[in-house]
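> Have a look at this one.
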Amino acid sequence: MMSFNLPNFLKRLLVREKKKGIIGVVVVMGSEMKQLTSGLIDGSIGVGGGVRDVYGEDSATEDQFITPWTFSVASGYSLLRNPRHNKGLAFTEVERDAHYLRGLLPPLLMSQELQEKKVLHNLRQYQVPLHRYMAVMDLQERNERLFYKLLIDNVEELLPVVYTPTVGEACQKYGSIFRRPQGIFISLKEKGKIQEVLKNWPERNIQVIVVTDGERILGLGDLGCQGMGIPVGKLSLYTALGGVRPSACLPITLDVGTNNEKLLNDEFYIGLKQRRATGQEYAEFLHEFMTAVKQNYGERILIQFEDFANHNAFELLDKYRTTHLVFNDDIQGTASVVLAGLIASLKLLGGTLADHTFLFLGAGEAGTGIAELIALEMSKRTSAPIEEMRKKIWLVDSKGLVVNSRMESLQQFKKPWAHEHEPVNTLLEAVKAIKPTVLIGTSGVGRTFTQEVVEAMASINEKPLILALSNPTSQSECTAEEAYKWTKGRAIFASGSPFDPIEYEGNVFVPGQANNAYIFPGLGLGLIMCGAIRVHDDMLLAASEALAAQVTEEHFAKGLIYPPFKTIRKISAHIAANVAAKAYELGLASRLPQPEDLVKFAESSMYSPVYRIYR
């Protein structure tokens with residue numbers, strides 16, 4: 001029997017983790033023990049907006065001396081395989097002695113900065129984007145802090161790797177490249193026991209869930225269970241761009257089957273090999289999930305719906321927005337980032353939003369979501385009824401212009417956009433008839449902004465605003481080069497996926513990217529840090545206005561209507577502050593009192609990927 005002859009001000013904590021096969025002893029100072037146990041019992045709130053986190057990630061800006069062994073004592077070998085605490089060659093001599101790492105690492109000591117330089121050099125050797133994606137994901141599973149430091153410091157270079165366009169190909173081949181789970185897969189097999197499944201996830205203090213059923217992944221269609229790449233990628237950005245700590249993020253895929261014949265016949269497909277559940281079966285499954293999430297994680301858990309098909313996306317958002325803290329990035333996030341670009345573009349176009357006419361190609365969840373937020377902003381600015389503002393916005397779907405004479409055959413979410421006009425069959429005819437100042441593509445179909453369409457826009461407008469928003473790059477309605485060339489350099493252009501700068505007749509044009517990543521990380525941080533209980537449309541407007549305010553005269557001089565991504569954490573802090581301020585104003589914030597300086601509070605709440613010192 002071991003005994004310790006310690007002074008009275010020390011207490012002993014015997015820790016047993018049979019589940020992990022780890023047994024050890026941690027000696028904790030009496031004051032620390034009191035703080036730790038009281039925090040666990042009363043659910044103390046950290047600055048990051050969640051329950052106090054014993055590893056100190058909430059107090060991200062403080063240099064802390066911490067141990068990863070607060071609850072379990074890992075041997076050196078296990079420590080090196082724990083991505084949250086592994087530092088690789090950055091473990092100091094003292095740490096190597098204290099944590100049984102001698103002999104398990106080469107003798108070289110390497111700083112985190114040098115590790116980052118080395119990883120970036122290796123990544124640049126890959127010629128195939130998917131290989132680069134796999135290498136980055138391997139790093140995330142091996143060394144979490146190094147992964148996020150690399151992503152934060154090189155966001156403009158690596159954003160297309162961890163998210164669109166590369167993530168689309170990763171989802172298509174997810175079954176082949178799948179190595180270890182990065183989230184929870186909940187299939188129809190788990191119906192009736194979803195709450196139990198959620199408890200299998202090792203983290204308890206979850207603040208954000210991104211969930212998909214894989215039916216409409218980007219512009220690629222039904223990828224079923226392989227859509228997991230989207231929640232994983234989105235939550236990586238919540239941390240890197242918005243500062244939400246990784247342990248508070250949970251990716252979830254709901255596997256209700258797939259109607260993709262290729263996947264159903266693929267021996268390597270990792271999901272259920274059956275047709276998609278629909279109707280009552282689907283609704284009951286989703287309702288059980290939503291109920292279980294709230295029971296497990298509480299009222300303030302943010303649930304982001306991602307890449308659900310149109311018919312389910314609108315219904316789920318309408319059904320749960322009054323009972324849960326929910327947000328649909330395809331409908332609301334896209335709308336918010338596009339509205340921000342439109343507000344910023346007024347500096348180049350002149351006038352107000354209400355002075356312009358908008359024509360959309362695509363009348364799905366993205367198109368109608370953007371249209372509704374534009375109408376809401378115009379209504380707010382002019383004090384005119386939103387019904388009047390909708391008349392300035394026109395939609396074209398696969399059957400032509402959405403008009404009154406088609407009302408009976410239209411889906412419910414399209415009906416508010418059916419205006420009085422004679423039928424028009426093609427986009428080109430619609431441009432000539434409506435004479436829009438702004439053309440927005442959300443069709444998911446590539447090369448639909450043809451030369452004739454773009455030239456028609458240029459003949460109507462001195463500075464045509466063209467937004468080709470469909471992802472990935474292959475599905476973009478037109479390229480940046482086509483937009484500038486066909487308008488003779490007069491277009492103001494932005495796209496959903498990135499395009500390189502274009503040189504035209506001696507001038508260099510830098511295409512903007514209307515990427516949802518501008519909005520959802522900052523929006524999520526704002527909701528978390530104020531303890532919001534619901535998402536209100538005015539919060540989305542607040543996010544748009546905050547993003548638009550970050551575009552400077554220097555950016556406008558380059559034709560940009562969005563700020564560069566290299567300042568994204570600063571942008572996210574301002575968005576979070578604006579969103580939180582609106583939540584407090586609307587009485588939807590539960591974390592009181594309101595901080596005096598919300599921007600500084602947001603910045604102090606952000607997760608830092610810098611290595612901790614282990615004692």
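Each chain in the structure tokens gets a letter, A, B and so on, in the order shown; residues start at 1 in every chain, and ligands are counted from 1 in the order they appear.
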Give me the residues within 8 Å of stretch 325-337 of chain A as a ChimeraX atom specification, counting only C-alpha atoms and dropping any in the same chain fewer than 3 places off.

/A:299-307,313,317,320-322,340-341,365-371,373-374,514-516,518-520,532-535,540-541,543-544,547

> Need to verify the contact set: A:Arg406, 10 Å, only C-alpha atoms, exclusion of same-chain residues closer than 5 positions in sequence. Can you return it as a list of chain:residue names?

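Within the cut-off, the hits are A:Lys399, A:Gly400, A:Leu401, A:Lys415, A:Ala418, A:His419, A:Pro423.
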
> Just the alpha helix (DSSP H) stuff from stretch 437-540 of chain A, please, per backbone DSSP, written as a PyMOL selection string.

chain A and resi 451-460+480-486+520-529+537-540

> Mind dumping the selected residues with C-alpha atoms as a CSV table (one decimal), in the first residue's frame?


chain,number,residue,atom,x,y,z
A,451,GLN,CA,-21.5,35.1,-72.5
A,452,GLU,CA,-24.8,36.4,-73.8
A,453,VAL,CA,-26.2,36.7,-70.3
A,454,VAL,CA,-23.2,38.6,-68.9
A,455,GLU,CA,-23.0,40.8,-71.9
A,456,ALA,CA,-26.7,41.6,-71.5
A,457,MET,CA,-26.0,42.7,-67.9
A,458,ALA,CA,-23.1,44.9,-69.1
A,459,SER,CA,-25.3,46.5,-71.7
A,460,ILE,CA,-27.8,47.5,-69.0
A,480,ALA,CA,-13.9,35.4,-62.7
A,481,GLU,CA,-12.1,35.6,-66.0
A,482,GLU,CA,-15.3,35.3,-67.9
A,483,ALA,CA,-17.1,37.9,-65.9
A,484,TYR,CA,-14.3,40.5,-66.3
A,485,LYS,CA,-13.6,39.7,-70.0
A,486,TRP,CA,-17.3,39.7,-71.1
A,520,PHE,CA,-21.0,31.4,-39.3
A,521,PRO,CA,-17.9,31.3,-37.1
A,522,GLY,CA,-18.4,34.8,-35.8
A,523,LEU,CA,-22.2,34.3,-35.5
A,524,GLY,CA,-21.6,31.2,-33.5
A,525,LEU,CA,-19.1,32.8,-31.2
A,526,GLY,CA,-21.5,35.7,-30.6
A,527,LEU,CA,-24.4,33.4,-29.8
A,528,ILE,CA,-22.2,31.3,-27.4
A,529,MET,CA,-20.6,34.2,-25.5
A,537,ASP,CA,-33.3,37.4,-38.1
A,538,ASP,CA,-32.1,40.7,-36.7
A,539,MET,CA,-29.0,38.9,-35.6
A,540,LEU,CA,-28.3,37.9,-39.2

> Give the answer as one residue: which of A:Leu286, A:Ala581, A:Ile217, A:Ala557 has the shortest atom-to-atom distance to A:Asn312, using only C-alpha atoms?

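Ranked by minimum distance to A:Asn312, first place goes to A:Leu286.
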
> Can you work out which one of A:Leu218, A:Ala589, A:Leu339, A:Ala491 has the shortest atom-to-atom distance to A:Val445, counting only C-alpha atoms?

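Of the candidates, the smallest distance to A:Val445 is held by A:Leu218.
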
> Which residue out of A:Glu169, A:Glu315, A:Glu545, A:Asp255 has the minimum interatomic distance to A:Ile343 when only C-alpha atoms are used?

A:Glu545

> Would you pick out the contacts of stretch 274-277 of chain A at 9 Å or less, using only C-alpha atoms, so that residues sharing its chain but fewer than 4 positions from it are not included, and give the list as a count of residues only?

12

> Mind listing the strand (DSSP E or B) residues of stretch 297-518 of chain A, per DSSP on the backbone, as a VMD selection string?

chain A and resid 302 to 305 325 to 328 358 to 361 393 to 397 400 to 401 403 419 438 to 441 465 to 468 492 to 495 502 to 504 507 to 509 512 to 513

> Could those selected residues go to a file with N, CA and C atoms, as a short mmCIF file (atom, residue, chain, number, x, y, z; two decimals), in the first residue's frame?


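Below you can see part39.cif, which holds the result:
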data_model
loop_
_atom_site.label_atom_id
_atom_site.label_comp_id
_atom_site.auth_asym_id
_atom_site.auth_seq_id
_atom_site.Cartn_x
_atom_site.Cartn_y
_atom_site.Cartn_z
N LEU A 302 -26.01 25.26 -29.69
CA LEU A 302 -26.26 25.75 -31.05
C LEU A 302 -26.23 24.58 -32.02
N ILE A 303 -27.31 24.41 -32.76
CA ILE A 303 -27.41 23.33 -33.76
C ILE A 303 -27.44 23.96 -35.14
N GLN A 304 -26.42 23.68 -35.93
CA GLN A 304 -26.36 24.21 -37.30
C GLN A 304 -26.74 23.11 -38.28
N PHE A 305 -27.85 23.32 -38.99
CA PHE A 305 -28.26 22.39 -40.04
C PHE A 305 -27.40 22.65 -41.28
N LEU A 325 -32.04 26.55 -30.31
CA LEU A 325 -31.09 27.51 -30.87
C LEU A 325 -30.55 26.91 -32.16
N VAL A 326 -31.25 27.15 -33.27
CA VAL A 326 -30.90 26.53 -34.55
C VAL A 326 -30.59 27.58 -35.61
N PHE A 327 -29.81 27.12 -36.59
CA PHE A 327 -29.32 28.00 -37.64
C PHE A 327 -29.06 27.14 -38.87
N ASN A 328 -29.54 27.55 -40.03
CA ASN A 328 -29.26 26.82 -41.27
C ASN A 328 -28.29 27.65 -42.10
N PHE A 358 -32.93 42.97 -58.28
CA PHE A 358 -32.15 41.74 -58.10
C PHE A 358 -32.78 40.59 -58.89
N LEU A 359 -31.93 39.85 -59.59
CA LEU A 359 -32.39 38.67 -60.33
C LEU A 359 -31.56 37.47 -59.91
N PHE A 360 -32.24 36.42 -59.45
CA PHE A 360 -31.58 35.20 -59.01
C PHE A 360 -31.76 34.09 -60.03
N LEU A 361 -30.68 33.35 -60.28
CA LEU A 361 -30.80 32.08 -60.98
C LEU A 361 -30.67 31.00 -59.91
N ILE A 393 -37.27 41.90 -56.20
CA ILE A 393 -36.43 40.70 -56.29
C ILE A 393 -37.15 39.66 -57.14
N TRP A 394 -36.46 39.14 -58.15
CA TRP A 394 -37.03 38.17 -59.08
C TRP A 394 -36.20 36.89 -59.07
N LEU A 395 -36.88 35.76 -59.24
CA LEU A 395 -36.21 34.46 -59.21
C LEU A 395 -36.48 33.69 -60.50
N VAL A 396 -35.45 33.02 -60.98
CA VAL A 396 -35.58 32.11 -62.12
C VAL A 396 -35.23 30.70 -61.64
N ASP A 397 -36.13 29.75 -61.88
CA ASP A 397 -35.83 28.36 -61.54
C ASP A 397 -35.73 27.54 -62.82
N GLY A 400 -38.15 28.57 -65.58
CA GLY A 400 -38.20 29.96 -66.03
C GLY A 400 -38.47 30.94 -64.90
N LEU A 401 -38.89 32.13 -65.24
CA LEU A 401 -39.15 33.17 -64.26
C LEU A 401 -40.30 32.76 -63.34
N VAL A 403 -43.40 33.46 -61.65
CA VAL A 403 -44.44 34.48 -61.84
C VAL A 403 -45.79 33.97 -61.30
N HIS A 419 -44.30 37.15 -58.92
CA HIS A 419 -44.82 38.49 -59.19
C HIS A 419 -45.60 38.50 -60.50
N VAL A 438 -28.33 43.67 -60.32
CA VAL A 438 -27.56 42.63 -59.61
C VAL A 438 -28.02 41.25 -60.09
N LEU A 439 -27.06 40.41 -60.49
CA LEU A 439 -27.35 39.05 -60.93
C LEU A 439 -26.69 38.09 -59.96
N ILE A 440 -27.49 37.20 -59.37
CA ILE A 440 -27.00 36.30 -58.33
C ILE A 440 -27.27 34.85 -58.72
N GLY A 441 -26.24 34.02 -58.72
CA GLY A 441 -26.38 32.61 -59.09
C GLY A 441 -26.32 31.70 -57.88
N LEU A 465 -23.16 44.05 -61.13
CA LEU A 465 -22.73 43.25 -59.99
C LEU A 465 -23.14 41.80 -60.25
N ILE A 466 -22.14 40.91 -60.34
CA ILE A 466 -22.37 39.50 -60.68
C ILE A 466 -21.82 38.62 -59.57
N LEU A 467 -22.71 37.85 -58.96
CA LEU A 467 -22.33 36.95 -57.88
C LEU A 467 -22.61 35.51 -58.32
N ALA A 468 -21.54 34.77 -58.60
CA ALA A 468 -21.66 33.36 -59.01
C ALA A 468 -21.34 32.52 -57.78
N ILE A 492 -18.35 44.04 -61.16
CA ILE A 492 -17.99 43.80 -59.76
C ILE A 492 -18.37 42.34 -59.51
N PHE A 493 -17.37 41.52 -59.20
CA PHE A 493 -17.59 40.08 -59.20
C PHE A 493 -17.21 39.46 -57.86
N ALA A 494 -18.01 38.49 -57.44
CA ALA A 494 -17.65 37.64 -56.30
C ALA A 494 -18.22 36.25 -56.56
N SER A 495 -17.60 35.25 -55.94
CA SER A 495 -18.01 33.86 -56.18
C SER A 495 -18.07 33.11 -54.86
N ILE A 502 -7.13 38.11 -61.70
CA ILE A 502 -7.20 38.08 -63.16
C ILE A 502 -6.60 39.37 -63.72
N GLU A 503 -5.75 39.20 -64.73
CA GLU A 503 -5.21 40.38 -65.43
C GLU A 503 -5.99 40.58 -66.72
N TYR A 504 -6.51 41.79 -66.91
CA TYR A 504 -7.27 42.10 -68.12
C TYR A 504 -6.88 43.50 -68.60
N ASN A 507 -4.84 45.65 -66.28
CA ASN A 507 -5.34 45.82 -64.92
C ASN A 507 -5.48 44.46 -64.23
N VAL A 508 -5.19 44.44 -62.93
CA VAL A 508 -5.32 43.22 -62.15
C VAL A 508 -6.58 43.31 -61.29
N PHE A 509 -7.48 42.34 -61.48
CA PHE A 509 -8.72 42.30 -60.72
C PHE A 509 -8.64 41.16 -59.70
N GLY A 512 -13.68 38.72 -55.36
CA GLY A 512 -14.11 38.50 -53.99
C GLY A 512 -14.67 37.10 -53.83
N GLN A 513 -14.70 36.61 -52.60
CA GLN A 513 -15.30 35.30 -52.34
C GLN A 513 -16.40 35.45 -51.30
#

> How close does each residue of stretch 144-214 of chain A get to stretch 242-246 of chain A, giving the shortest atom pair and distance in Å to one decimal for every residue with an atom at most 9 Å away, counting only C-alpha atoms, sorted by chain and residue number, as a Markdown table?


| residue | atom | partner | partner_atom | distance |
| --- | --- | --- | --- | --- |
| A:Glu144 | CA | A:Pro246 | CA | 8.5 |
| A:Gln207 | CA | A:Val244 | CA | 8.5 |
| A:Val208 | CA | A:Val244 | CA | 8.5 |

> Atoms to include: C-alpha atoms. Write the selected residues as an mmCIF file, in the first residue's frame.


data_model
loop_
_atom_site.group_PDB
_atom_site.id
_atom_site.type_symbol
_atom_site.label_atom_id
_atom_site.label_comp_id
_atom_site.auth_asym_id
_atom_site.auth_seq_id
_atom_site.Cartn_x
_atom_site.Cartn_y
_atom_site.Cartn_z
ATOM 1 C CA GLU A 144 -4.720 19.387 -32.599
ATOM 2 C CA GLN A 207 -21.570 24.238 -27.405
ATOM 3 C CA VAL A 208 -21.930 23.774 -31.182
#

> When you count only C-alpha atoms, which of these residues is closest to A:Ser236: A:Lys149, A:Lys392, A:His85, A:Arg381?

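Smallest separation from A:Ser236 among the options: A:Lys149.
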